[in-house]
file my_file-v3.cif (mmCIF, C-alpha atoms)
data_my_file
#
loop_
_atom_site.label_atom_id
_atom_site.label_comp_id
_atom_site.auth_asym_id
_atom_site.auth_seq_id
_atom_site.Cartn_x
_atom_site.Cartn_y
_atom_site.Cartn_z
CA MET A 1 76.78 0.43 -1.55
CA SER A 2 75.79 -2.09 1.07
CA THR A 3 74.83 -5.75 0.95
CA PRO A 4 73.01 -7.50 3.77
CA ALA A 5 75.18 -9.95 5.62
CA ASN A 6 74.86 -13.72 5.38
CA THR A 7 73.68 -13.79 1.79
CA ALA A 8 76.70 -15.57 0.34
CA ALA A 9 75.12 -18.99 0.62
CA LEU A 10 71.80 -17.90 -0.89
CA LYS A 11 70.95 -18.28 -4.54
CA GLU A 12 68.30 -15.59 -4.29
CA TRP A 13 69.13 -11.93 -4.41
CA PRO A 14 68.48 -10.47 -0.95
CA LEU A 15 65.14 -8.88 -0.09
CA TRP A 16 64.79 -5.09 0.29
CA GLU A 17 61.95 -2.99 1.70
CA VAL A 18 61.04 0.02 -0.41
CA PHE A 19 59.93 3.43 0.91
CA VAL A 20 58.77 6.16 -1.46
CA ARG A 21 58.26 9.90 -0.90
CA SER A 22 55.37 10.74 -3.22
CA LYS A 23 56.09 14.48 -3.26
CA GLN A 24 58.25 17.08 -1.56
CA GLY A 25 56.93 17.85 1.90
CA LEU A 26 55.57 14.35 2.56
CA GLU A 27 57.23 11.49 4.42
CA HIS A 28 58.58 8.33 2.85
CA LYS A 29 56.00 5.59 2.99
CA HIS A 30 56.51 1.84 2.82
CA CYS A 31 55.19 0.52 -0.48
CA GLY A 32 56.50 -3.04 -0.80
CA SER A 33 59.61 -5.10 -1.23
CA LEU A 34 61.81 -6.53 -3.97
CA HIS A 35 64.89 -8.66 -4.56
CA ALA A 36 68.12 -7.05 -5.74
CA SER A 37 71.81 -7.84 -5.58
CA ASP A 38 72.89 -4.62 -3.81
CA SER A 39 71.54 -1.23 -2.74
CA GLU A 40 72.25 0.51 -6.05
CA HIS A 41 70.49 -2.28 -7.93
CA ALA A 42 67.62 -2.17 -5.42
CA LEU A 43 67.12 1.57 -6.06
CA GLN A 44 66.95 1.03 -9.81
CA MET A 45 64.54 -1.86 -9.40
CA ALA A 46 62.40 0.17 -6.99
CA ARG A 47 62.18 2.96 -9.54
CA ASP A 48 60.96 0.54 -12.21
CA VAL A 49 58.63 -1.48 -9.99
CA TYR A 50 57.08 1.22 -7.77
CA THR A 51 57.32 4.55 -9.65
CA ARG A 52 56.31 3.86 -13.25
CA ARG A 53 53.76 6.68 -13.09
CA GLN A 54 55.67 9.38 -11.25
CA GLU A 55 54.53 8.08 -7.87
CA GLY A 56 57.73 9.26 -6.22
CA VAL A 57 60.42 11.92 -5.97
CA SER A 58 62.65 10.02 -3.56
CA ILE A 59 63.21 6.34 -2.72
CA TRP A 60 64.75 4.58 0.27
CA VAL A 61 65.67 0.91 0.17
CA VAL A 62 66.49 -1.00 3.35
CA PRO A 63 67.64 -4.62 3.63
CA SER A 64 64.58 -6.45 5.00
CA ALA A 65 66.84 -8.38 7.37
CA SER A 66 67.88 -5.08 9.03
CA ILE A 67 64.37 -4.18 10.16
CA SER A 68 63.45 -4.88 13.77
CA ALA A 69 59.72 -5.14 14.34
CA SER A 70 57.51 -5.38 17.39
CA GLU A 71 56.07 -8.83 18.00
CA PRO A 72 52.51 -9.06 16.68
CA ASN A 73 51.55 -11.47 19.45
CA ASP A 74 52.65 -9.02 22.15
CA LYS A 75 50.38 -6.31 20.82
CA PRO A 76 48.10 -5.83 23.84
CA GLU A 77 50.93 -5.72 26.38
CA PHE A 78 53.29 -3.72 24.22
CA PHE A 79 50.81 -0.95 23.46
CA ASP A 80 48.83 -1.17 26.67
CA PRO A 81 50.70 1.57 28.59
CA ALA A 82 49.15 4.20 26.29
CA SER A 83 45.56 2.97 26.49
CA ASP A 84 44.64 4.21 30.00
CA LYS A 85 46.19 7.69 29.68
CA VAL A 86 43.20 9.55 28.34
CA TYR A 87 44.57 12.79 29.88
CA ARG A 88 47.02 12.84 26.96
CA HIS A 89 44.16 13.87 24.68
CA PRO A 90 42.82 17.43 24.49
CA THR A 91 39.21 16.21 24.77
CA PHE A 92 39.92 15.11 28.39
CA TYR A 93 39.78 18.75 29.54
CA VAL A 94 36.50 20.64 29.86
CA ILE A 95 36.91 24.32 29.00
CA PRO A 96 34.01 26.88 29.28
CA ASP A 97 32.37 27.65 25.94
CA GLU A 98 33.05 31.40 26.23
CA VAL A 99 36.79 30.70 25.95
CA GLY A 100 36.20 29.77 22.33
CA HIS A 101 38.68 27.77 20.32
CA MET A 102 41.66 26.51 22.31
CA MET B 1 45.90 -8.11 -13.14
CA TYR B 2 45.11 -11.62 -14.09
CA THR B 3 43.75 -13.81 -11.37
CA GLN B 4 41.48 -16.72 -11.72
CA SER B 5 38.74 -16.00 -9.28
CA PHE B 6 39.01 -19.49 -7.95
CA SER B 7 41.98 -21.26 -6.55
CA VAL B 8 42.96 -24.38 -8.47
CA PRO B 9 44.91 -26.83 -6.35
CA ASP B 10 48.54 -26.90 -7.46
CA GLY B 11 49.81 -30.34 -8.45
CA SER B 12 51.91 -30.72 -5.33
CA ASP B 13 49.12 -29.71 -2.96
CA ASP B 14 46.58 -32.34 -3.93
CA ALA B 15 47.81 -35.23 -1.87
CA LYS B 16 48.77 -33.14 1.13
CA SER B 17 45.53 -31.19 1.40
CA ALA B 18 43.53 -34.37 0.93
CA GLY B 19 45.50 -35.84 3.82
CA LEU B 20 44.83 -32.81 5.97
CA LYS B 21 41.13 -33.07 5.38
CA ALA B 22 41.08 -36.73 6.27
CA VAL B 23 42.85 -36.26 9.60
CA PRO B 24 42.03 -32.86 11.07
CA LYS B 25 44.60 -31.95 13.67
CA ALA B 26 43.18 -31.29 17.12
CA LEU B 27 43.71 -27.70 18.23
CA SER B 28 45.76 -27.15 21.36
CA ALA B 29 44.18 -24.93 24.00
CA GLN B 30 46.45 -22.06 23.05
CA ASP B 31 45.70 -22.51 19.34
CA ALA B 32 41.99 -22.51 20.12
CA VAL B 33 42.31 -19.09 21.78
CA LEU B 34 44.31 -17.77 18.83
CA GLN B 35 41.79 -19.28 16.41
CA ALA B 36 38.95 -17.53 18.24
CA GLN B 37 40.81 -14.20 18.08
CA PHE B 38 41.46 -14.74 14.38
CA ASP B 39 37.78 -15.56 13.69
CA ALA B 40 36.65 -12.51 15.65
CA ARG B 41 38.96 -10.27 13.62
CA ILE B 42 37.64 -11.74 10.34
CA ASP B 43 34.02 -11.36 11.53
CA ALA B 44 34.68 -7.70 12.34
CA ASP B 45 36.05 -7.27 8.78
CA GLY B 46 39.50 -6.63 10.24
CA ARG B 47 42.79 -7.29 8.47
CA ILE B 48 45.43 -9.93 9.09
CA GLU B 49 49.04 -8.81 8.80
CA PRO B 50 52.31 -10.74 8.27
CA ARG B 51 53.77 -12.61 11.25
CA GLU B 52 50.41 -12.61 13.05
CA TRP B 53 48.91 -15.94 14.00
CA MET B 54 46.73 -17.42 11.29
CA PRO B 55 45.30 -20.89 10.67
CA GLU B 56 47.70 -22.97 8.62
CA ALA B 57 45.01 -23.60 5.98
CA TYR B 58 44.44 -19.83 5.61
CA ARG B 59 48.17 -19.30 5.07
CA LYS B 60 48.40 -22.14 2.57
CA THR B 61 45.37 -20.96 0.63
CA LEU B 62 46.81 -17.47 0.38
CA VAL B 63 50.26 -18.67 -0.68
CA ARG B 64 48.64 -20.75 -3.40
CA GLN B 65 46.26 -18.04 -4.59
CA ILE B 66 48.74 -15.14 -4.48
CA SER B 67 51.53 -17.13 -6.14
CA GLN B 68 49.15 -18.39 -8.85
CA HIS B 69 48.09 -14.81 -9.36
CA ALA B 70 51.73 -13.69 -9.60
CA HIS B 71 52.55 -16.48 -12.07
CA SER B 72 49.55 -15.41 -14.16
CA GLU B 73 50.89 -11.87 -14.40
CA ILE B 74 54.30 -13.10 -15.47
CA VAL B 75 53.06 -15.68 -17.97
CA GLY B 76 50.52 -13.08 -19.14
CA MET B 77 53.41 -11.02 -20.49
CA LEU B 78 54.05 -13.66 -23.16
CA PRO B 79 50.99 -13.54 -25.45
CA GLU B 80 51.17 -9.74 -25.62
CA GLY B 81 54.96 -9.48 -25.64
CA ASN B 82 54.78 -11.47 -28.82
CA TRP B 83 53.15 -8.44 -30.48
CA ILE B 84 55.54 -5.70 -29.35
CA SER B 85 57.70 -6.05 -32.45
CA ARG B 86 54.62 -6.38 -34.68
CA ALA B 87 52.51 -3.48 -33.37
CA PRO B 88 51.14 -1.42 -36.29
CA SER B 89 52.58 1.94 -35.17
CA LEU B 90 55.17 3.44 -32.85
CA LYS B 91 52.33 4.69 -30.62
CA ARG B 92 50.82 1.21 -30.26
CA LYS B 93 54.26 -0.25 -29.66
CA ALA B 94 54.97 2.20 -26.83
CA ILE B 95 51.56 1.50 -25.27
CA LEU B 96 52.07 -2.24 -25.47
CA ILE B 97 55.56 -2.05 -23.94
CA ALA B 98 54.13 -0.02 -21.04
CA LYS B 99 51.33 -2.53 -20.55
CA VAL B 100 53.62 -5.56 -20.61
CA GLN B 101 55.98 -3.82 -18.18
CA ASP B 102 53.00 -3.22 -15.88
CA GLU B 103 52.21 -6.95 -15.93
CA GLY B 104 55.77 -7.68 -14.87
CA GLY B 105 55.43 -5.13 -12.08
CA HIS B 106 52.14 -6.67 -10.95
CA GLY B 107 53.82 -10.05 -10.77
CA LEU B 108 56.54 -8.56 -8.57
CA TYR B 109 54.05 -6.86 -6.18
CA LEU B 110 52.31 -10.20 -5.79
CA TYR B 111 55.41 -12.34 -5.33
CA SER B 112 56.54 -10.04 -2.53
CA ALA B 113 53.06 -10.19 -0.94
CA ALA B 114 53.26 -14.00 -0.99
CA GLU B 115 56.75 -13.91 0.52
CA THR B 116 55.35 -12.22 3.63
CA LEU B 117 53.62 -15.57 4.30
CA GLY B 118 56.91 -17.41 4.64
CA THR B 119 57.41 -18.82 1.17
CA SER B 120 60.45 -17.84 -0.90
CA ARG B 121 60.71 -16.44 -4.40
CA ASP B 122 62.82 -19.41 -5.48
CA GLN B 123 60.26 -21.88 -4.14
CA MET B 124 57.47 -20.17 -6.06
CA LEU B 125 59.43 -19.93 -9.28
CA ASP B 126 60.51 -23.52 -8.94
CA ALA B 127 56.86 -24.57 -8.60
CA LEU B 128 56.00 -22.62 -11.77
CA HIS B 129 58.95 -23.91 -13.78
CA THR B 130 58.41 -27.54 -12.85
CA GLY B 131 54.73 -27.29 -13.78
CA LYS B 132 53.49 -27.85 -10.23
CA ALA B 133 51.97 -24.37 -9.89
CA LYS B 134 49.02 -23.22 -11.97
CA TYR B 135 48.50 -19.89 -13.66
CA SER B 136 45.44 -18.41 -15.36
CA SER B 137 44.53 -20.76 -18.20
CA ILE B 138 43.50 -17.84 -20.42
CA PHE B 139 47.19 -17.46 -21.37
CA ASN B 140 47.29 -20.92 -22.84
CA TYR B 141 45.43 -19.60 -25.87
CA PRO B 142 47.27 -17.94 -28.77
CA THR B 143 47.10 -14.27 -29.83
CA LEU B 144 46.74 -14.87 -33.57
CA ASN B 145 46.55 -11.33 -34.95
CA TRP B 146 46.63 -7.68 -33.91
CA ALA B 147 42.91 -7.62 -33.09
CA ASP B 148 43.62 -10.26 -30.43
CA VAL B 149 45.84 -7.78 -28.59
CA GLY B 150 42.95 -5.30 -28.45
CA VAL B 151 40.52 -7.99 -27.35
CA VAL B 152 42.89 -9.21 -24.65
CA GLY B 153 42.95 -5.65 -23.26
CA TRP B 154 39.20 -5.14 -23.49
CA LEU B 155 37.86 -8.55 -22.43
CA VAL B 156 40.65 -10.41 -20.64
CA ASP B 157 41.75 -7.37 -18.64
CA GLY B 158 38.11 -6.40 -18.22
CA ALA B 159 37.32 -9.79 -16.68
CA ALA B 160 40.45 -9.55 -14.55
CA ILE B 161 39.38 -6.13 -13.23
CA MET B 162 36.00 -7.56 -12.20
CA ASN B 163 37.88 -10.23 -10.26
CA GLN B 164 40.46 -7.97 -8.74
CA VAL B 165 38.50 -5.02 -7.48
CA PRO B 166 36.91 -7.10 -4.67
CA LEU B 167 40.37 -8.45 -3.79
CA CYS B 168 41.35 -4.92 -2.72
CA ARG B 169 39.21 -5.72 0.36
CA CYS B 170 40.86 -9.10 0.99
CA SER B 171 41.41 -9.89 4.68
CA TYR B 172 45.17 -10.36 4.20
CA GLY B 173 46.74 -6.88 4.28
CA PRO B 174 49.70 -7.30 1.91
CA TYR B 175 47.54 -8.96 -0.76
CA ALA B 176 44.87 -6.26 -0.47
CA ARG B 177 47.48 -3.48 -0.72
CA ALA B 178 49.11 -5.10 -3.76
CA MET B 179 45.69 -5.31 -5.40
CA VAL B 180 44.97 -1.62 -4.77
CA ARG B 181 48.18 -0.81 -6.62
CA VAL B 182 47.35 -3.25 -9.42
CA CYS B 183 43.79 -1.99 -9.86
CA LYS B 184 44.94 1.63 -10.12
CA GLU B 185 47.11 0.67 -13.08
CA GLU B 186 44.67 -1.72 -14.64
CA SER B 187 42.11 0.66 -16.06
CA PHE B 188 44.58 1.87 -18.69
CA HIS B 189 45.00 -1.73 -19.87
CA GLN B 190 41.34 -2.22 -20.62
CA ARG B 191 40.85 1.21 -22.17
CA GLN B 192 43.85 0.96 -24.50
CA GLY B 193 42.54 -2.38 -25.79
CA TYR B 194 39.03 -1.10 -26.36
CA GLU B 195 40.33 2.02 -28.07
CA ALA B 196 42.60 0.00 -30.37
CA LEU B 197 39.51 -1.99 -31.41
CA LEU B 198 37.46 1.18 -31.95
CA VAL B 199 40.14 2.35 -34.40
CA MET B 200 40.07 -0.97 -36.26
CA MET B 201 36.27 -0.83 -36.46
CA GLN B 202 36.60 2.43 -38.41
CA GLY B 203 38.83 0.67 -40.94
CA THR B 204 38.22 -1.69 -43.85
CA ALA B 205 35.71 -4.54 -43.92
CA GLU B 206 38.64 -6.90 -43.45
CA GLN B 207 39.80 -5.11 -40.29
CA LYS B 208 36.28 -5.18 -38.86
CA ALA B 209 36.09 -8.90 -39.59
CA MET B 210 39.37 -9.40 -37.72
CA VAL B 211 37.91 -7.73 -34.63
CA GLN B 212 34.74 -9.84 -34.79
CA ASP B 213 36.80 -13.00 -35.27
CA ALA B 214 38.98 -12.21 -32.26
CA VAL B 215 35.90 -11.47 -30.11
CA ASN B 216 34.39 -14.79 -31.22
CA ARG B 217 37.49 -16.69 -30.16
CA TRP B 218 37.98 -14.99 -26.77
CA TRP B 219 34.48 -14.41 -25.44
CA TRP B 220 33.76 -17.84 -23.95
CA LYS B 221 37.27 -18.20 -22.60
CA CYS B 222 36.85 -14.90 -20.74
CA LEU B 223 33.58 -16.08 -19.19
CA ALA B 224 35.38 -19.22 -17.99
CA MET B 225 38.07 -17.05 -16.33
CA PHE B 226 35.68 -16.47 -13.42
CA GLY B 227 35.90 -20.12 -12.51
CA PRO B 228 33.38 -22.95 -12.19
CA PRO B 229 29.74 -22.23 -11.25
CA ASP B 230 29.21 -21.61 -7.54
CA ALA B 231 27.63 -25.05 -7.16
CA ASP B 232 30.88 -26.66 -8.35
CA SER B 233 33.25 -24.49 -6.29
CA PRO B 234 33.54 -26.23 -2.95
CA ASN B 235 36.43 -24.00 -1.84
CA SER B 236 34.56 -20.77 -2.49
CA ALA B 237 32.63 -20.88 0.77
CA GLN B 238 35.80 -21.22 2.82
CA GLY B 239 37.41 -18.36 0.86
CA MET B 240 34.35 -16.22 1.60
CA ARG B 241 34.42 -17.18 5.28
CA TRP B 242 38.04 -16.06 5.47
CA GLY B 243 37.37 -12.77 3.73
CA ILE B 244 39.73 -13.69 0.90
CA LYS B 245 36.96 -13.96 -1.66
CA ARG B 246 34.21 -11.34 -1.48
CA ILE B 247 31.95 -12.04 -4.47
CA SER B 248 31.06 -15.45 -5.92
CA ASN B 249 32.23 -16.68 -9.34
CA ASP B 250 28.74 -16.56 -10.84
CA ASP B 251 28.00 -13.08 -9.50
CA LEU B 252 31.28 -11.73 -10.90
CA ARG B 253 30.60 -13.41 -14.24
CA GLN B 254 27.14 -11.86 -14.36
CA LYS B 255 28.56 -8.42 -13.63
CA PHE B 256 31.07 -8.87 -16.43
CA VAL B 257 28.42 -9.93 -18.96
CA ASP B 258 26.15 -7.02 -18.01
CA ALA B 259 29.02 -4.53 -18.28
CA THR B 260 30.30 -5.88 -21.59
CA VAL B 261 27.08 -6.10 -23.61
CA PRO B 262 26.68 -2.30 -24.01
CA GLN B 263 30.43 -1.93 -24.74
CA ALA B 264 30.12 -4.47 -27.57
CA LYS B 265 27.18 -2.52 -28.97
CA VAL B 266 29.16 0.75 -29.06
CA LEU B 267 32.09 -1.08 -30.65
CA GLY B 268 29.79 -2.61 -33.28
CA VAL B 269 30.54 -6.28 -32.67
CA THR B 270 28.28 -9.14 -31.65
CA LEU B 271 29.05 -11.49 -28.77
CA PRO B 272 29.03 -15.11 -30.01
CA ASP B 273 26.19 -16.43 -27.87
CA PRO B 274 22.70 -17.02 -29.36
CA ASP B 275 21.29 -17.35 -25.83
CA LEU B 276 22.55 -13.95 -24.71
CA LYS B 277 19.55 -11.72 -23.99
CA TRP B 278 18.22 -9.25 -21.45
CA ASN B 279 16.07 -10.81 -18.76
CA GLU B 280 13.63 -8.19 -17.59
CA ALA B 281 12.62 -10.17 -14.48
CA ARG B 282 16.21 -10.65 -13.29
CA GLN B 283 17.36 -7.22 -14.51
CA ALA B 284 20.40 -9.01 -15.92
CA HIS B 285 21.49 -10.80 -19.08
CA ASP B 286 20.92 -14.51 -19.55
CA TYR B 287 23.75 -16.30 -21.30
CA GLY B 288 24.50 -19.75 -22.70
CA GLN B 289 26.44 -22.77 -21.46
CA ILE B 290 30.18 -22.51 -20.89
CA ASP B 291 32.28 -25.44 -22.14
CA TRP B 292 33.82 -26.56 -18.83
CA ASP B 293 35.39 -29.65 -20.34
CA GLU B 294 37.55 -27.47 -22.54
CA PHE B 295 38.35 -25.22 -19.57
CA TRP B 296 39.53 -28.10 -17.38
CA ALA B 297 41.50 -29.66 -20.24
CA THR B 298 43.41 -26.38 -20.53
CA VAL B 299 43.87 -26.00 -16.78
CA ASN B 300 45.22 -29.54 -16.70
CA GLY B 301 47.89 -28.80 -19.26
CA ASN B 302 46.24 -29.67 -22.58
CA GLY B 303 45.47 -26.23 -23.95
CA PRO B 304 46.93 -25.05 -27.26
CA CYS B 305 49.87 -23.13 -25.73
CA ASN B 306 50.57 -24.67 -22.29
CA LYS B 307 53.89 -26.19 -23.36
CA GLU B 308 55.00 -23.14 -25.31
CA ARG B 309 54.28 -20.73 -22.44
CA LEU B 310 56.03 -22.78 -19.80
CA GLY B 311 58.91 -23.48 -22.17
CA ALA B 312 59.37 -19.73 -22.76
CA ARG B 313 59.40 -19.05 -19.00
CA VAL B 314 61.90 -21.78 -18.23
CA LYS B 315 64.15 -20.68 -21.09
CA ALA B 316 64.10 -17.06 -19.91
CA TRP B 317 64.92 -18.17 -16.36
CA ASN B 318 67.77 -20.43 -17.44
CA ASP B 319 69.18 -17.91 -19.91
CA GLY B 320 69.19 -15.29 -17.14
CA ALA B 321 71.05 -17.45 -14.62
CA TRP B 322 74.47 -15.99 -15.42
CA VAL B 323 73.12 -12.44 -14.98
CA ARG B 324 71.72 -13.24 -11.54
CA GLU B 325 74.94 -14.91 -10.50
CA ALA B 326 77.12 -12.12 -11.88
CA ALA B 327 75.09 -9.42 -10.09
CA LEU B 328 75.46 -11.25 -6.80
CA ALA B 329 79.19 -11.84 -7.35
CA HIS B 330 79.63 -8.15 -8.17
CA ALA B 331 77.80 -7.11 -5.00
CA GLN B 332 79.93 -9.42 -2.89
CA LYS B 333 83.15 -8.14 -4.48
CA GLN B 334 82.13 -4.54 -3.86
CA GLN B 335 81.31 -5.35 -0.26
CA ALA B 336 84.65 -7.07 0.27
CA ARG B 337 86.46 -4.06 -1.21
CA GLN B 338 84.52 -1.69 1.07
CA MET B 339 85.40 -3.74 4.13
CA LYS B 340 89.06 -3.77 3.12
CA GLU B 341 89.06 0.02 2.72
CA ALA B 342 87.36 0.46 6.07
CA ALA B 343 89.87 -1.79 7.82
#
call {"tool": "encode", "arguments": {"input": "my_file-v3.cif", "output": "structure tokens"}}
result
Amino acid sequence: MSTPANTAALKEWPLWEVFVRSKQGLEHKHCGSLHASDSEHALQMARDVYTRRQEGVSIWVVPSASISASEPNDKPEFFDPASDKVYRHPTFYVIPDEVGHM
Amino acid sequence: MYTQSFSVPDGSDDAKSAGLKAVPKALSAQDAVLQAQFDARIDADGRIEPREWMPEAYRKTLVRQISQHAHSEIVGMLPEGNWISRAPSLKRKAILIAKVQDEGGHGLYLYSAAETLGTSRDQMLDALHTGKAKYSSIFNYPTLNWADVGVVGWLVDGAAIMNQVPLCRCSYGPYARAMVRVCKEESFHQRQGYEALLVMMQGTAEQKAMVQDAVNRWWWKCLAMFGPPDADSPNSAQGMRWGIKRISNDDLRQKFVDATVPQAKVLGVTLPDPDLKWNEARQAHDYGQIDWDEFWATVNGNGPCNKERLGARVKAWNDGAWVREAALAHAQKQQARQMKEAA
């Protein structure tokens, strides 16, 4: 059981991000957030809030405060290095038709 | 599932927003660039995500609309919750419990969407409990008998669906995603209500009269749920410009009337409006005058159940205080124990 740090002074239960695997073989996907007192509580809440119709077979909950995110305002610079490297895509290479599918 | 398609100013916002309008703040050069990028994204039907730059008025409008929507879901649990212990069969009781639980879930999706805009759950709940925040005025009317529960599902949820489907394309990502989830669950709500009424309409003359009576009492209130006519909705244009609102109040209302008329015919009830008739030229139904005075009186706190609804919410919140505190104390104790063991 874990509790995010620095919550002692807060009246609110801490915020958790919820990730649900919809079926075996698929990845966990972010589906929303909720407030809960600790991780066990957060899992039970996530089950009730996000899987009332068998939407999941597995749930992760992560304290929202523990997530590091890229800065939205830095988007162009941060993702720019990938934009001029077209040779990373298969369509960059011209292959004779008689080769068939490659 | 229950949004008012228009955004009523919350009590606390009135003075502030009026002030903002009177003295528009000059944009700094950097803000002007960001504003232009924001406008371009909206024009291209793009989405805005949390933590991205957005005009302060856009953020405020969304916080108000999403929190009002969340409050409506939560308060909306009350008129139906009242009937869980009185449902006529175990089947209807189970259905109603599931529906009311869904409403609670919808409220939670929406509160967390609003929190991505920098408001806190406690702030929003405080605004509701102190009467500063509005919620859909439809819940300030009583559910007098079992037929009302069916009619709430059929008409109130039906009107809400009309409102909410376009919100799935809202420009603010978290709100749109919450609405997709809500809309997926919503169709069951309307169908269970309509089906419950179909069963009653196969019953005694008295049961049929109950259904008709409930329809008579709810019909006009449901039409008012779509908000004032477009001509009297000065904020609608801004909401449309921002991609928050996609279809106007009057257009949504018209869609609802046109969809409901054939459903009423199959059910075998009449809709209480002598002016309701098909207009061949418009290819739509004409309908009578909505009583907006009554609507505004209810929005402004003078409906039949405003005090009761808010009182029930505040009581539930206060009665639950020790549970919230105990859960937090337990979590902290567990954490302290873990740290001690690790040391």
call {"tool": "closest_residue", "arguments": {"input": "my_file-v3.cif", "among": "A:Ile67, A:Val49, A:Leu26, A:Val20", "to": "chain B", "atoms": "all atoms listed in the file"}}
result
A:Val49
call {"tool": "atom_distance", "arguments": {"input": "my_file-v3.cif", "atom1": "atom CA of B:Leu96", "atom2": "atom CA of B:Leu144"}}
result
15.9 Å
call {"tool": "interface_residues", "arguments": {"input": "my_file-v3.cif", "of": "chain B", "to": "chain A", "cutoff": "6 Å", "atoms": "all atoms listed in the file", "output": "NGL selection string"}}
result
:B and (52 or 105 or 112 or 327-328 or 331)
call {"tool": "residues_around", "arguments": {"input": "my_file-v3.cif", "residues": "B:Lys277", "least_positions_apart": "5", "cutoff": "10 Å", "atoms": "all atoms listed in the file", "output": "PyMOL selection string"}}
result
chain B and resi 261+284-288
call {"tool": "residues_around", "arguments": {"input": "my_file-v3.cif", "residues": "B:Thr61", "least_positions_apart": "4", "cutoff": "9 Å", "atoms": "only C-alpha atoms", "output": "VMD selection string"}}
result
chain B and resid 7 56 to 57 65 to 66 239
call {"tool": "residues_near_point", "arguments": {"input": "my_file-v3.cif", "point": "(66.7, -0.8, 3.9)", "cutoff": "9 Å", "atoms": "only C-alpha atoms", "output": "PyMOL selection string"}}
result
chain A and resi 16-19+39+60-67
call {"tool": "resolve_selection", "arguments": {"input": "my_file-v3.cif", "expression": "the PyMOL selection byres ((chain B and resi 190) around 6)", "output": "list in words"}}
result
Gly153, Trp154, Asp157, Gly158, Ser187, Phe188, His189, Arg191, Gln192 and Gly193 of chain B
call {"tool": "build_atoms", "arguments": {"input": "my_file-v3.cif", "residues": "stretch 275-286 of chain B", "atoms": "N, CA, C and O atoms", "output": "PDB file, in the frame of the given file"}}
result
ATOM      1  N   ASP B 275      22.170 -17.385 -27.004  1.00  0.00           N
ATOM      2  CA  ASP B 275      21.290 -17.350 -25.830  1.00  0.00           C
ATOM      3  C   ASP B 275      21.412 -16.060 -25.026  1.00  0.00           C
ATOM      4  O   ASP B 275      20.751 -15.887 -24.007  1.00  0.00           O
ATOM      5  N   LEU B 276      22.313 -15.187 -25.470  1.00  0.00           N
ATOM      6  CA  LEU B 276      22.550 -13.950 -24.710  1.00  0.00           C
ATOM      7  C   LEU B 276      21.390 -12.993 -24.930  1.00  0.00           C
ATOM      8  O   LEU B 276      21.166 -12.538 -26.053  1.00  0.00           O
ATOM      9  N   LYS B 277      20.632 -12.712 -23.854  1.00  0.00           N
ATOM     10  CA  LYS B 277      19.550 -11.720 -23.990  1.00  0.00           C
ATOM     11  C   LYS B 277      19.180 -11.145 -22.623  1.00  0.00           C
ATOM     12  O   LYS B 277      19.404 -11.774 -21.586  1.00  0.00           O
ATOM     13  N   TRP B 278      18.617  -9.951 -22.671  1.00  0.00           N
ATOM     14  CA  TRP B 278      18.220  -9.250 -21.450  1.00  0.00           C
ATOM     15  C   TRP B 278      17.056  -9.966 -20.794  1.00  0.00           C
ATOM     16  O   TRP B 278      16.086 -10.322 -21.463  1.00  0.00           O
ATOM     17  N   ASN B 279      17.147 -10.186 -19.511  1.00  0.00           N
ATOM     18  CA  ASN B 279      16.070 -10.810 -18.760  1.00  0.00           C
ATOM     19  C   ASN B 279      15.448  -9.740 -17.868  1.00  0.00           C
ATOM     20  O   ASN B 279      16.053  -9.321 -16.878  1.00  0.00           O
ATOM     21  N   GLU B 280      14.274  -9.311 -18.267  1.00  0.00           N
ATOM     22  CA  GLU B 280      13.630  -8.190 -17.590  1.00  0.00           C
ATOM     23  C   GLU B 280      13.364  -8.517 -16.110  1.00  0.00           C
ATOM     24  O   GLU B 280      13.549  -7.674 -15.232  1.00  0.00           O
ATOM     25  N   ALA B 281      12.968  -9.765 -15.851  1.00  0.00           N
ATOM     26  CA  ALA B 281      12.620 -10.170 -14.480  1.00  0.00           C
ATOM     27  C   ALA B 281      13.857 -10.132 -13.578  1.00  0.00           C
ATOM     28  O   ALA B 281      13.798  -9.683 -12.441  1.00  0.00           O
ATOM     29  N   ARG B 282      14.997 -10.600 -14.105  1.00  0.00           N
ATOM     30  CA  ARG B 282      16.210 -10.650 -13.290  1.00  0.00           C
ATOM     31  C   ARG B 282      16.984  -9.329 -13.331  1.00  0.00           C
ATOM     32  O   ARG B 282      17.938  -9.140 -12.584  1.00  0.00           O
ATOM     33  N   GLN B 283      16.603  -8.470 -14.288  1.00  0.00           N
ATOM     34  CA  GLN B 283      17.360  -7.220 -14.510  1.00  0.00           C
ATOM     35  C   GLN B 283      18.831  -7.553 -14.767  1.00  0.00           C
ATOM     36  O   GLN B 283      19.750  -6.927 -14.227  1.00  0.00           O
ATOM     37  N   ALA B 284      19.037  -8.581 -15.575  1.00  0.00           N
ATOM     38  CA  ALA B 284      20.400  -9.010 -15.920  1.00  0.00           C
ATOM     39  C   ALA B 284      20.318  -9.799 -17.217  1.00  0.00           C
ATOM     40  O   ALA B 284      19.223 -10.164 -17.663  1.00  0.00           O
ATOM     41  N   HIS B 285      21.477 -10.041 -17.836  1.00  0.00           N
ATOM     42  CA  HIS B 285      21.490 -10.800 -19.080  1.00  0.00           C
ATOM     43  C   HIS B 285      21.545 -12.303 -18.801  1.00  0.00           C
ATOM     44  O   HIS B 285      22.309 -12.741 -17.952  1.00  0.00           O
ATOM     45  N   ASP B 286      20.755 -13.054 -19.547  1.00  0.00           N
ATOM     46  CA  ASP B 286      20.920 -14.510 -19.550  1.00  0.00           C
ATOM     47  C   ASP B 286      22.014 -14.830 -20.564  1.00  0.00           C
ATOM     48  O   ASP B 286      22.194 -14.104 -21.545  1.00  0.00           O
TER      49      ASP B 286
END
